[in-house]
file run22.tsv (TSV, N, CA and C atoms)
chain	number	residue	atom	x	y	z
A	1	MET	N	18.04	9.92	14.38
A	1	MET	CA	16.97	10.53	13.62
A	1	MET	C	15.68	9.78	13.90
A	2	SER	N	14.61	10.49	14.15
A	2	SER	CA	13.35	9.86	14.47
A	2	SER	C	12.24	10.49	13.64
A	3	ASP	N	11.37	9.65	13.10
A	3	ASP	CA	10.24	10.12	12.30
A	3	ASP	C	8.96	9.50	12.83
A	4	ASN	N	7.87	10.23	12.75
A	4	ASN	CA	6.57	9.74	13.19
A	4	ASN	C	5.60	9.77	12.02
A	5	TYR	N	4.79	8.73	11.89
A	5	TYR	CA	3.83	8.62	10.81
A	5	TYR	C	2.51	8.12	11.38
A	6	ASN	N	1.38	8.57	10.82
A	6	ASN	CA	0.06	8.13	11.27
A	6	ASN	C	-0.64	7.35	10.16
A	7	TYR	N	-1.25	6.20	10.53
A	7	TYR	CA	-1.93	5.32	9.59
A	7	TYR	C	-3.23	4.84	10.20
A	8	LEU	N	-4.10	4.27	9.36
A	8	LEU	CA	-5.29	3.58	9.82
A	8	LEU	C	-5.01	2.09	9.83
A	9	ILE	N	-5.67	1.36	10.71
A	9	ILE	CA	-5.47	-0.08	10.77
A	9	ILE	C	-5.78	-0.70	9.40
A	10	GLY	N	-4.96	-1.64	9.00
A	10	GLY	CA	-5.12	-2.31	7.71
A	10	GLY	C	-4.30	-1.71	6.59
A	11	GLU	N	-3.73	-0.53	6.81
A	11	GLU	CA	-2.88	0.07	5.79
A	11	GLU	C	-1.51	-0.59	5.78
A	12	THR	N	-0.78	-0.36	4.70
A	12	THR	CA	0.60	-0.80	4.61
A	12	THR	C	1.48	0.43	4.83
A	13	GLY	N	2.39	0.32	5.78
A	13	GLY	CA	3.29	1.42	6.08
A	13	GLY	C	4.61	1.23	5.36
A	14	ARG	N	5.06	2.24	4.65
A	14	ARG	CA	6.36	2.19	3.99
A	14	ARG	C	7.39	2.83	4.90
A	15	ILE	N	8.41	2.04	5.25
A	15	ILE	CA	9.50	2.51	6.10
A	15	ILE	C	10.73	2.61	5.20
A	16	SER	N	11.26	3.81	5.05
A	16	SER	CA	12.37	4.05	4.13
A	16	SER	C	13.62	4.49	4.88
A	17	VAL	N	14.75	4.28	4.24
A	17	VAL	CA	16.01	4.76	4.80
A	17	VAL	C	16.92	5.20	3.65
A	18	SER	N	17.68	6.26	3.91
A	18	SER	CA	18.70	6.74	2.98
A	18	SER	C	20.04	6.66	3.69
A	19	ILE	N	21.02	6.10	3.02
A	19	ILE	CA	22.34	5.86	3.61
A	19	ILE	C	23.38	6.63	2.81
A	20	ALA	N	24.27	7.30	3.52
A	20	ALA	CA	25.31	8.08	2.85
A	20	ALA	C	26.63	7.94	3.59
A	21	ASP	N	27.71	8.27	2.89
A	21	ASP	CA	29.02	8.23	3.53
A	21	ASP	C	29.26	9.55	4.27
A	22	GLY	N	30.45	9.72	4.82
A	22	GLY	CA	30.78	10.92	5.59
A	22	GLY	C	30.71	12.21	4.78
A	23	GLY	N	30.80	12.11	3.46
A	23	GLY	CA	30.69	13.28	2.59
A	23	GLY	C	29.29	13.53	2.09
A	24	ASN	N	28.32	12.80	2.68
A	24	ASN	CA	26.91	12.90	2.32
A	24	ASN	C	26.62	12.43	0.88
A	25	VAL	N	27.42	11.48	0.41
A	25	VAL	CA	27.21	10.87	-0.90
A	25	VAL	C	26.52	9.53	-0.67
A	26	ALA	N	25.41	9.31	-1.36
A	26	ALA	CA	24.66	8.06	-1.20
A	26	ALA	C	25.58	6.87	-1.41
A	27	GLY	N	25.46	5.88	-0.51
A	27	GLY	CA	26.28	4.69	-0.60
A	27	GLY	C	25.61	3.52	0.06
A	28	ASP	N	25.90	2.33	-0.42
A	28	ASP	CA	25.32	1.12	0.14
A	28	ASP	C	26.11	0.66	1.37
A	29	PRO	N	25.44	0.02	2.31
A	29	PRO	CA	26.10	-0.50	3.50
A	29	PRO	C	26.66	-1.90	3.24
A	30	GLY	N	27.50	-2.36	4.17
A	30	GLY	CA	27.98	-3.73	4.10
A	30	GLY	C	26.87	-4.72	4.37
A	31	ALA	N	25.96	-4.37	5.26
A	31	ALA	CA	24.77	-5.17	5.58
A	31	ALA	C	23.69	-4.21	6.05
A	32	LEU	N	22.44	-4.62	5.88
A	32	LEU	CA	21.32	-3.76	6.27
A	32	LEU	C	20.23	-4.60	6.91
A	33	ARG	N	19.77	-4.13	8.08
A	33	ARG	CA	18.71	-4.81	8.83
A	33	ARG	C	17.62	-3.83	9.20
A	34	LEU	N	16.39	-4.33	9.27
A	34	LEU	CA	15.26	-3.55	9.77
A	34	LEU	C	14.58	-4.36	10.85
A	35	LYS	N	14.38	-3.74	12.01
A	35	LYS	CA	13.65	-4.38	13.10
A	35	LYS	C	12.36	-3.60	13.30
A	36	VAL	N	11.24	-4.34	13.37
A	36	VAL	CA	9.93	-3.72	13.55
A	36	VAL	C	9.29	-4.31	14.79
A	37	LYS	N	8.84	-3.44	15.70
A	37	LYS	CA	8.20	-3.86	16.94
A	37	LYS	C	6.72	-3.47	16.90
A	38	THR	N	5.83	-4.45	17.05
A	38	THR	CA	4.39	-4.20	17.04
A	38	THR	C	3.96	-3.59	18.38
A	39	PRO	N	2.73	-3.07	18.44
A	39	PRO	CA	2.24	-2.50	19.70
A	39	PRO	C	2.17	-3.51	20.84
A	40	ILE	N	2.12	-4.81	20.53
A	40	ILE	CA	2.07	-5.82	21.60
A	40	ILE	C	3.46	-6.33	21.97
A	41	GLY	N	4.51	-5.75	21.34
A	41	GLY	CA	5.88	-6.07	21.73
A	41	GLY	C	6.60	-7.11	20.90
A	42	THR	N	5.97	-7.65	19.88
A	42	THR	CA	6.63	-8.63	19.01
A	42	THR	C	7.61	-7.91	18.09
A	43	VAL	N	8.85	-8.37	18.06
A	43	VAL	CA	9.87	-7.78	17.20
A	43	VAL	C	10.19	-8.75	16.06
A	44	THR	N	10.11	-8.22	14.83
A	44	THR	CA	10.46	-9.00	13.64
A	44	THR	C	11.67	-8.33	13.00
A	45	ALA	N	12.67	-9.14	12.67
A	45	ALA	CA	13.89	-8.62	12.04
A	45	ALA	C	13.92	-9.05	10.58
A	46	TYR	N	14.26	-8.10	9.71
A	46	TYR	CA	14.39	-8.35	8.28
A	46	TYR	C	15.83	-8.04	7.89
A	47	VAL	N	16.41	-8.84	7.01
A	47	VAL	CA	17.78	-8.65	6.56
A	47	VAL	C	17.77	-8.51	5.05
A	48	PHE	N	18.37	-7.41	4.55
A	48	PHE	CA	18.43	-7.21	3.11
A	48	PHE	C	19.19	-8.36	2.45
A	49	GLY	N	18.61	-8.92	1.42
A	49	GLY	CA	19.22	-10.02	0.69
A	49	GLY	C	18.80	-11.39	1.19
A	50	ALA	N	18.32	-11.48	2.43
A	50	ALA	CA	17.90	-12.77	2.98
A	50	ALA	C	16.41	-13.01	2.79
A	51	SER	N	15.65	-11.95	2.59
A	51	SER	CA	14.22	-12.07	2.34
A	51	SER	C	13.80	-10.90	1.47
A	52	GLY	N	12.59	-10.93	0.99
A	52	GLY	CA	12.14	-9.91	0.05
A	52	GLY	C	11.54	-8.66	0.65
A	53	GLU	N	11.47	-8.55	1.96
A	53	GLU	CA	10.81	-7.40	2.57
A	53	GLU	C	11.55	-6.08	2.34
A	54	ILE	N	12.87	-6.11	2.36
A	54	ILE	CA	13.64	-4.89	2.14
A	54	ILE	C	13.96	-4.79	0.65
A	55	VAL	N	13.59	-3.65	0.07
A	55	VAL	CA	13.76	-3.42	-1.37
A	55	VAL	C	14.77	-2.30	-1.56
A	56	LYS	N	15.71	-2.51	-2.48
A	56	LYS	CA	16.67	-1.46	-2.82
A	56	LYS	C	16.08	-0.64	-3.96
A	57	ASP	N	15.89	0.67	-3.71
A	57	ASP	CA	15.34	1.57	-4.73
A	57	ASP	C	16.43	2.11	-5.64
A	58	SER	N	17.57	2.44	-5.06
A	58	SER	CA	18.74	2.93	-5.79
A	58	SER	C	19.91	2.90	-4.81
A	59	VAL	N	21.09	3.32	-5.24
A	59	VAL	CA	22.25	3.30	-4.36
A	59	VAL	C	21.94	4.10	-3.08
A	60	GLY	N	22.04	3.43	-1.94
A	60	GLY	CA	21.84	4.07	-0.65
A	60	GLY	C	20.39	4.30	-0.24
A	61	HIS	N	19.43	3.86	-1.03
A	61	HIS	CA	18.01	4.10	-0.74
A	61	HIS	C	17.25	2.78	-0.72
A	62	TYR	N	16.60	2.50	0.42
A	62	TYR	CA	15.90	1.23	0.63
A	62	TYR	C	14.55	1.49	1.28
A	63	HIS	N	13.65	0.52	1.15
A	63	HIS	CA	12.37	0.61	1.85
A	63	HIS	C	11.82	-0.78	2.15
A	64	ALA	N	10.88	-0.83	3.07
A	64	ALA	CA	10.13	-2.05	3.38
A	64	ALA	C	8.68	-1.65	3.59
A	65	ASP	N	7.75	-2.45	3.06
A	65	ASP	CA	6.32	-2.23	3.24
A	65	ASP	C	5.82	-3.22	4.29
A	66	ILE	N	5.24	-2.70	5.36
A	66	ILE	CA	4.81	-3.51	6.50
A	66	ILE	C	3.30	-3.37	6.67
A	67	LEU	N	2.58	-4.50	6.72
A	67	LEU	CA	1.15	-4.49	6.97
A	67	LEU	C	0.89	-4.11	8.42
A	68	LEU	N	0.13	-3.07	8.64
A	68	LEU	CA	-0.15	-2.55	9.98
A	68	LEU	C	-1.50	-3.07	10.43
A	69	ASP	N	-1.47	-4.22	11.10
A	69	ASP	CA	-2.70	-4.93	11.44
A	69	ASP	C	-3.06	-4.87	12.92
A	70	THR	N	-2.38	-4.01	13.67
A	70	THR	CA	-2.66	-3.86	15.10
A	70	THR	C	-2.68	-2.37	15.44
A	71	ILE	N	-3.70	-1.95	16.18
A	71	ILE	CA	-3.82	-0.55	16.60
A	71	ILE	C	-2.76	-0.25	17.67
A	72	GLY	N	-2.15	0.92	17.57
A	72	GLY	CA	-1.17	1.35	18.56
A	72	GLY	C	0.08	1.88	17.92
A	73	THR	N	1.13	1.97	18.70
A	73	THR	CA	2.40	2.52	18.23
A	73	THR	C	3.36	1.40	17.84
A	74	TRP	N	3.77	1.43	16.59
A	74	TRP	CA	4.77	0.51	16.06
A	74	TRP	C	6.10	1.23	16.07
A	75	ALA	N	7.18	0.55	16.40
A	75	ALA	CA	8.51	1.15	16.38
A	75	ALA	C	9.37	0.42	15.35
A	76	TRP	N	10.29	1.15	14.74
A	76	TRP	CA	11.19	0.54	13.76
A	76	TRP	C	12.61	1.06	13.96
A	77	ARG	N	13.57	0.23	13.52
A	77	ARG	CA	14.98	0.58	13.62
A	77	ARG	C	15.73	0.00	12.43
A	78	TRP	N	16.37	0.86	11.65
A	78	TRP	CA	17.29	0.44	10.60
A	78	TRP	C	18.68	0.38	11.21
A	79	GLU	N	19.47	-0.64	10.83
A	79	GLU	CA	20.87	-0.76	11.25
A	79	GLU	C	21.69	-1.12	10.03
A	80	SER	N	22.77	-0.37	9.80
A	80	SER	CA	23.65	-0.67	8.67
A	80	SER	C	25.08	-0.86	9.17
A	81	ASP	N	25.79	-1.75	8.48
A	81	ASP	CA	27.19	-2.04	8.83
A	81	ASP	C	28.13	-1.35	7.86
A	82	ALA	N	29.41	-1.22	8.26
A	82	ALA	CA	30.44	-0.60	7.44
A	82	ALA	C	30.60	-1.37	6.13
A	83	PRO	N	30.84	-0.66	5.05
A	83	PRO	CA	30.96	0.80	5.02
A	83	PRO	C	29.59	1.46	5.18
A	84	ASN	N	29.62	2.68	5.62
A	84	ASN	CA	28.40	3.47	5.80
A	84	ASN	C	27.53	2.93	6.94
A	85	ALA	N	28.17	2.64	8.07
A	85	ALA	CA	27.46	2.14	9.25
A	85	ALA	C	26.62	3.24	9.87
A	86	GLY	N	25.50	2.84	10.45
A	86	GLY	CA	24.65	3.80	11.14
A	86	GLY	C	23.37	3.16	11.61
A	87	ALA	N	22.48	3.98	12.16
A	87	ALA	CA	21.18	3.51	12.65
A	87	ALA	C	20.19	4.65	12.54
A	88	SER	N	18.92	4.28	12.44
A	88	SER	CA	17.83	5.24	12.38
A	88	SER	C	16.61	4.59	13.00
A	89	GLU	N	15.84	5.35	13.78
A	89	GLU	CA	14.66	4.82	14.44
A	89	GLU	C	13.47	5.75	14.26
A	90	GLY	N	12.28	5.21	14.43
A	90	GLY	CA	11.08	6.01	14.37
A	90	GLY	C	9.88	5.19	14.78
A	91	VAL	N	8.71	5.80	14.69
A	91	VAL	CA	7.48	5.12	15.05
A	91	VAL	C	6.41	5.34	13.99
A	92	LEU	N	5.47	4.39	13.94
A	92	LEU	CA	4.26	4.48	13.14
A	92	LEU	C	3.09	4.39	14.11
A	93	VAL	N	2.18	5.35	14.06
A	93	VAL	CA	1.01	5.31	14.92
A	93	VAL	C	-0.18	4.82	14.09
A	94	VAL	N	-0.78	3.71	14.54
A	94	VAL	CA	-1.90	3.10	13.83
A	94	VAL	C	-3.17	3.34	14.64
A	95	LYS	N	-4.13	3.98	13.99
A	95	LYS	CA	-5.39	4.33	14.66
A	95	LYS	C	-6.51	3.43	14.14
A	96	LYS	N	-7.54	3.28	14.95
A	96	LYS	CA	-8.67	2.47	14.53
A	96	LYS	C	-9.53	3.24	13.54
A	97	SER	N	-10.26	2.52	12.75
A	97	SER	CA	-11.16	3.10	11.79
A	97	SER	C	-12.38	3.68	12.51
A	98	VAL	N	-12.90	4.78	12.02
A	98	VAL	CA	-14.12	5.34	12.57
A	98	VAL	C	-15.34	4.77	11.83
A	99	VAL	N	-15.09	3.97	10.80
A	99	VAL	CA	-16.17	3.41	9.98
A	99	VAL	C	-16.42	1.95	10.32
A	100	ILE	N	-15.34	1.17	10.45
A	100	ILE	CA	-15.51	-0.26	10.72
A	100	ILE	C	-14.92	-0.64	12.06
call {"tool": "encode", "arguments": {"input": "run22.tsv", "output": "structure tokens"}}
result
Amino acid sequence: MSDNYNYLIGETGRISVSIADGGNVAGDPGALRLKVKTPIGTVTAYVFGASGEIVKDSVGHYHADILLDTIGTWAWRWESDAPNAGASEGVLVVKKSVVI
């Protein structure tokens, strides 16, 4: 699954994920990671429970707020382990301001 979002430089991008079992019932994973790649190629990995970046909203629903401080295309990837293993990827497009 891939999603595209457009932002202005300096905004905070919310990257969300919904996790479900084979019957499409929301469920938590055994482990959850988010990898974010900046337009210059730097990859930062976040692990649920190890740091505060990933927030659990409810069973099977998580998000992370990322400061978008570089113009260009940011890529992200969620990875979850069993139970409810899976992956999801997408991009955030950050544009320059026309004012500043």
call {"tool": "closest_atom_pairs", "arguments": {"input": "run22.tsv", "of": "range 28-57 of chain A", "to": "range 92-96 of chain A", "cutoff": "12 Å", "atoms": "only C-alpha atoms", "output": "JSON lines"}}
result
{"residue": "A:Val36", "atom": "CA", "partner": "A:Leu92", "partner_atom": "CA", "distance": 10.0}
{"residue": "A:Lys37", "atom": "CA", "partner": "A:Leu92", "partner_atom": "CA", "distance": 10.0}
{"residue": "A:Thr38", "atom": "CA", "partner": "A:Leu92", "partner_atom": "CA", "distance": 9.5}
{"residue": "A:Pro39", "atom": "CA", "partner": "A:Val94", "partner_atom": "CA", "distance": 9.1}
call {"tool": "atom_distance", "arguments": {"input": "run22.tsv", "atom1": "atom N of Gly49 in chain A", "atom2": "CA of Asn84 in chain A"}}
result
16.4 Å
call {"tool": "residues_around", "arguments": {"input": "run22.tsv", "residues": "range 21-33 of chain A", "least_positions_apart": "6", "cutoff": "5 Å", "atoms": "all atoms listed in the file", "output": "list of chain:residue names"}}
result
A:Tyr46, A:Val47, A:Phe48, A:Val59, A:Gly60, A:Trp78, A:Glu79, A:Ser80, A:Asp81, A:Ala82, A:Pro83
call {"tool": "residues_around", "arguments": {"input": "run22.tsv", "residues": "range 64-76 of chain A", "least_positions_apart": "5", "cutoff": "10 Å", "atoms": "only C-alpha atoms", "output": "PyMOL selection string"}}
result
chain A and resi 2-17+34-46+48+52-56+88-97
call {"tool": "select_by_dssp", "arguments": {"input": "run22.tsv", "residues": "range 20-98 of chain A", "states": "strand (DSSP E or B)", "output": "JSON, numbers by chain"}}
result
{"A": [20, 26, 32, 33, 34, 35, 36, 37, 43, 44, 45, 46, 47, 48, 51, 54, 55, 56, 57, 58, 61, 62, 63, 64, 65, 66, 67, 72, 73, 74, 75, 76, 77, 78, 79, 80, 86, 87, 88, 89, 90, 91, 92, 93, 94, 95]}
call {"tool": "closest_residue", "arguments": {"input": "run22.tsv", "among": "A:Val99, A:Ala87, A:His61, A:Arg77", "to": "Ile19 in chain A", "atoms": "all atoms listed in the file"}}
result
A:His61
call {"tool": "atom_distance", "arguments": {"input": "run22.tsv", "atom1": "CA of Tyr62 in chain A", "atom2": "atom C of Ala50 in chain A"}}
result
14.4 Å
call {"tool": "atom_distance", "arguments": {"input": "run22.tsv", "atom1": "CA of Ala85 in chain A", "atom2": "CA of Asp57 in chain A"}}
result
18.5 Å
call {"tool": "decode", "arguments": {"input": "run22.tsv", "residues": "chain A", "atoms": "C-alpha atoms", "output": "short mmCIF file (atom, residue, chain, number, x, y, z; two decimals), in the first residue's frame"}}
result
data_model
loop_
_atom_site.label_atom_id
_atom_site.label_comp_id
_atom_site.auth_asym_id
_atom_site.auth_seq_id
_atom_site.Cartn_x
_atom_site.Cartn_y
_atom_site.Cartn_z
CA MET A 1 0.00 0.00 0.00
CA SER A 2 1.39 3.39 -0.92
CA ASP A 3 0.15 6.87 -0.01
CA ASN A 4 1.34 10.29 -1.14
CA TYR A 5 1.03 13.51 0.85
CA ASN A 6 2.05 17.11 0.10
CA TYR A 7 3.42 19.53 2.73
CA LEU A 8 5.25 22.84 3.00
CA ILE A 9 8.72 22.98 4.50
CA GLY A 10 8.58 23.36 8.28
CA GLU A 11 5.31 21.47 8.70
CA THR A 12 4.94 18.34 10.79
CA GLY A 13 3.85 15.31 8.81
CA ARG A 14 1.67 12.72 10.51
CA ILE A 15 2.41 9.19 9.29
CA SER A 16 -0.27 6.73 10.38
CA VAL A 17 -0.77 3.00 10.12
CA SER A 18 -3.69 0.67 10.79
CA ILE A 19 -2.95 -2.98 11.54
CA ALA A 20 -5.45 -5.83 11.30
CA ASP A 21 -5.51 -9.60 11.39
CA GLY A 22 -6.52 -11.86 8.49
CA GLY A 23 -10.20 -11.26 9.31
CA ASN A 24 -9.71 -7.48 9.04
CA VAL A 25 -10.12 -7.03 12.81
CA ALA A 26 -7.85 -4.36 14.29
CA GLY A 27 -4.99 -5.92 16.22
CA ASP A 28 -1.63 -4.98 17.68
CA PRO A 29 1.62 -6.37 16.26
CA GLY A 30 4.34 -8.19 18.15
CA ALA A 31 6.68 -5.30 17.30
CA LEU A 32 6.32 -2.13 15.25
CA ARG A 33 8.96 -0.06 13.46
CA LEU A 34 8.87 3.06 11.31
CA LYS A 35 11.72 3.98 8.97
CA VAL A 36 11.82 7.50 7.52
CA LYS A 37 14.17 8.51 4.69
CA THR A 38 14.86 12.21 4.11
CA PRO A 39 15.35 13.70 0.62
CA ILE A 40 19.14 13.62 1.18
CA GLY A 41 19.06 9.87 1.96
CA THR A 42 19.33 9.82 5.76
CA VAL A 43 17.25 6.98 7.23
CA THR A 44 15.98 7.19 10.81
CA ALA A 45 14.37 4.16 12.45
CA TYR A 46 11.81 4.43 15.25
CA VAL A 47 10.68 1.48 17.38
CA PHE A 48 7.38 1.49 19.25
CA GLY A 49 8.03 1.34 22.98
CA ALA A 50 11.71 2.28 22.68
CA SER A 51 11.12 5.98 22.05
CA GLY A 52 8.22 8.39 22.07
CA GLU A 53 7.91 9.06 18.34
CA ILE A 54 5.42 6.28 17.66
CA VAL A 55 2.11 6.83 19.45
CA LYS A 56 -0.60 4.20 19.90
CA ASP A 57 -4.02 5.76 19.24
CA SER A 58 -6.06 2.59 19.85
CA VAL A 59 -5.81 -1.15 19.19
CA GLY A 60 -4.10 -1.54 15.80
CA HIS A 61 -3.82 2.22 15.13
CA TYR A 62 -0.53 4.12 15.46
CA HIS A 63 1.04 7.35 14.24
CA ALA A 64 4.27 9.34 14.30
CA ASP A 65 4.69 13.09 13.80
CA ILE A 66 7.83 13.96 11.82
CA LEU A 67 9.23 17.48 11.37
CA LEU A 68 9.67 18.04 7.63
CA ASP A 69 12.68 20.34 7.50
CA THR A 70 14.07 19.49 4.06
CA ILE A 71 12.50 20.18 0.64
CA GLY A 72 11.96 17.11 -1.53
CA THR A 73 10.49 13.63 -1.32
CA TRP A 74 10.52 11.85 2.02
CA ALA A 75 9.86 8.10 2.09
CA TRP A 76 8.49 6.05 4.97
CA ARG A 77 8.00 2.37 5.76
CA TRP A 78 6.05 0.74 8.59
CA GLU A 79 7.06 -2.84 9.51
CA SER A 80 5.14 -5.03 11.95
CA ASP A 81 5.99 -8.46 13.34
CA ALA A 82 3.70 -11.42 14.12
CA PRO A 83 1.06 -11.49 15.21
CA ASN A 84 -0.31 -9.26 12.48
CA ALA A 85 2.93 -8.99 10.49
CA GLY A 86 3.04 -6.71 7.49
CA ALA A 87 4.52 -3.62 5.87
CA SER A 88 3.32 -0.36 4.38
CA GLU A 89 5.21 2.33 2.46
CA GLY A 90 4.57 5.80 1.11
CA VAL A 91 6.03 9.21 0.46
CA LEU A 92 5.66 12.78 1.71
CA VAL A 93 6.42 15.56 -0.78
CA VAL A 94 7.76 18.72 0.87
CA LYS A 95 7.63 21.90 -1.17
CA LYS A 96 9.32 25.22 -0.54
CA SER A 97 7.38 28.20 0.69
CA VAL A 98 6.38 30.83 -1.85
CA VAL A 99 6.51 33.45 0.93
CA ILE A 100 9.79 32.81 2.76
#
